[in-house]
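A.B. asks: Got a file for you: protein09.pdb, PDB, C-alpha atoms.
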ATOM      1  CA  MET B  15      31.179   9.947   2.044
ATOM      2  CA  LYS B  16      28.217  10.350   4.370
ATOM      3  CA  THR B  17      28.665  10.444   8.074
ATOM      4  CA  GLU B  18      26.749   8.136  10.368
ATOM      5  CA  ARG B  19      24.572  11.041  11.479
ATOM      6  CA  GLN B  20      23.706  11.973   7.896
ATOM      7  CA  GLU B  21      22.780   8.378   7.112
ATOM      8  CA  LYS B  22      20.594   8.228  10.210
ATOM      9  CA  ILE B  23      18.806  11.451   9.226
ATOM     10  CA  LEU B  24      18.270  10.191   5.669
ATOM     11  CA  LYS B  25      16.829   6.946   7.023
ATOM     12  CA  GLU B  26      14.471   8.887   9.298
ATOM     13  CA  ILE B  27      13.352  11.019   6.343
ATOM     14  CA  GLN B  28      12.649   7.873   4.298
ATOM     15  CA  ASP B  29      10.669   6.393   7.182
ATOM     16  CA  LEU B  30       8.625   9.596   7.520
ATOM     17  CA  LYS B  31       7.935   9.644   3.782
ATOM     18  CA  ARG B  32       6.789   6.021   3.941
ATOM     19  CA  ARG B  33       4.506   6.754   6.906
ATOM     20  CA  LEU B  34       3.072   9.822   5.147
ATOM     21  CA  TYR B  35       2.444   7.740   2.032
ATOM     22  CA  ARG B  36       0.553   5.163   4.119
ATOM     23  CA  VAL B  37      -1.585   7.873   5.723
ATOM     24  CA  GLU B  38      -2.327   9.390   2.328
ATOM     25  CA  ARG B  39      -3.198   5.950   0.946
ATOM     26  CA  LYS B  40      -5.538   5.234   3.856
ATOM     27  CA  ALA B  41      -7.178   8.653   3.480
ATOM     28  CA  ALA B  42      -7.665   8.058  -0.232
ATOM     29  CA  ALA B  43      -9.114   4.617   0.467
ATOM     30  CA  LEU B  44     -11.598   6.106   2.912
ATOM     31  CA  GLN B  45     -12.671   8.700   0.354
ATOM     32  CA  LYS B  46     -13.319   6.072  -2.318
ATOM     33  CA  THR B  47     -16.956   5.175  -2.346
ATOM     34  CA  GLU B  48     -17.012   3.286  -5.604
ATOM     35  CA  PRO B  49     -14.659   0.472  -6.663
ATOM     36  CA  SER B  50     -12.104   1.329  -9.338
ATOM     37  CA  SER B  51     -12.571   0.192 -12.911
ATOM     38  CA  ALA B  52      -9.655  -2.225 -12.485
ATOM     39  CA  TRP B  53     -11.395  -3.749  -9.457
ATOM     40  CA  ARG B  54     -14.671  -4.098 -11.352
ATOM     41  CA  ALA B  55     -12.905  -5.676 -14.329
ATOM     42  CA  PHE B  56     -11.132  -8.140 -12.043
ATOM     43  CA  GLN B  57     -14.391  -9.049 -10.293
ATOM     44  CA  LYS B  58     -16.142  -9.505 -13.624
ATOM     45  CA  LYS B  59     -13.407 -11.793 -14.938
ATOM     46  CA  TYR B  60     -12.968 -13.727 -11.674
ATOM     47  CA  PRO B  61     -16.258 -13.527  -9.749
ATOM     48  CA  HIS B  62     -15.371 -16.490  -7.528
ATOM     49  CA  VAL B  63     -12.125 -14.909  -6.226
ATOM     50  CA  ARG B  64     -12.415 -12.799  -3.078
ATOM     51  CA  ILE B  65      -9.661 -10.251  -2.531
ATOM     52  CA  ASP B  66      -9.509  -7.249  -0.239
ATOM     53  CA  GLN B  67      -9.805  -3.928  -2.098
ATOM     54  CA  GLN B  68      -6.947  -2.409  -0.082
ATOM     55  CA  LEU B  69      -4.708  -5.320  -1.017
ATOM     56  CA  PHE B  70      -5.874  -5.101  -4.634
ATOM     57  CA  SER B  71      -4.892  -1.408  -4.742
ATOM     58  CA  LEU B  72      -1.297  -2.358  -3.908
ATOM     59  CA  VAL B  73      -0.749  -4.295  -7.109
ATOM     60  CA  GLY B  74      -0.170  -1.683  -9.729
ATOM     61  CA  SER B  75      -2.807   0.996  -9.408
ATOM     62  CA  ASP B  76      -0.979   3.308  -6.984
ATOM     63  CA  PRO B  77       2.306   5.211  -7.332
ATOM     64  CA  PRO B  78       5.244   2.856  -7.844
ATOM     65  CA  LEU B  79       7.182   1.547  -4.858
ATOM     66  CA  SER B  80      10.509  -0.212  -4.728
ATOM     67  CA  LEU B  81      10.170  -3.974  -4.649
ATOM     68  CA  GLN B  82      11.230  -4.041  -0.996
ATOM     69  CA  GLU B  83       8.671  -1.367  -0.038
ATOM     70  CA  GLU B  84       5.960  -3.089  -2.039
ATOM     71  CA  LYS B  85       6.604  -6.402  -0.264
ATOM     72  CA  ARG B  86       6.474  -4.645   3.110
ATOM     73  CA  GLU B  87       3.212  -2.872   2.233
ATOM     74  CA  ILE B  88       1.606  -6.103   1.053
ATOM     75  CA  ARG B  89       2.680  -7.934   4.212
ATOM     76  CA  GLU B  90       1.240  -5.140   6.356
ATOM     77  CA  ALA B  91      -2.045  -5.104   4.429
ATOM     78  CA  ILE B  92      -2.380  -8.869   4.845
ATOM     79  CA  ALA B  93      -1.541  -8.669   8.547
ATOM     80  CA  ILE B  94      -4.069  -5.890   9.110
ATOM     81  CA  ARG B  95      -6.713  -7.790   7.162
ATOM     82  CA  PHE B  96      -6.329 -10.930   9.258
ATOM     83  CA  GLU B  97      -5.948  -9.052  12.560
ATOM     84  CA  ASP B  98      -9.472  -7.668  12.143
ATOM     85  CA  LYS B  99     -11.003 -11.166  12.038
TER      86      LYS B  99
END
Will you turn the file into structure tokens for me?
C.D. replies:
Amino acid sequence: MKTERQEKILKEIQDLKRRLYRVERKAAALQKTEPSSAWRAFQKKYPHVRIDQQLFSLVGSDPPLSLQEEKREIREAIAIRFEDK
């Protein structure tokens, strides 16, 4: 049985891992100069659909996330996208 302190520390570690993952993802996105082959294939098949490349990268081309984490990441990407406008 974990103590309250241990659970708090584990939660903090998970939060730090999630933040590190986001930073790594953003760094990787900045380094990409050419769209991925999946992005190009999607654009070729659906040329009339506009979708943000960052949002597109969240749907299956990066390391797997839990469903809850994936939903959170997608919400954040959408919020960031529409904040900029």
A.B. asks: To one decimal place, how far is atom CA of Ile92 of chain B from atom CA of Gln68 of chain B in Å?
C.D. replies: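 One can read the atom CA of Ile92 of chain B to atom CA of Gln68 of chain B distance as 9.3 Å.
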A.B. asks: Would you pick out the contacts of Arg32 of chain B at 10 Å or less, using only C-alpha atoms, so that residues sharing its chain but fewer than 5 positions from it are not included, and give the list as number ranges by chain?
C.D. replies: B: 26-27, 37-38, 79, 83, 87
A.B. asks: Which residue is closest to Lys40 of chain B? Choose from B:Leu81, B:Ala91, B:Ala52, B:Ile23 and count all atoms listed in the file.
C.D. replies: B:Ala91
A.B. asks: What does the distance between atom CA of Leu24 of chain B and atom CA of Ala41 of chain B come to in Å, to one decimal place?
C.D. replies: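 Atom CA of Leu24 of chain B sits 25.6 Å away from atom CA of Ala41 of chain B.
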A.B. asks: Work out how far atom CA of Arg33 of chain B is from atom CA of Arg19 of chain B, in Å to one decimal.
C.D. replies: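 One can read the atom CA of Arg19 of chain B to atom CA of Arg33 of chain B distance as 21.0 Å.
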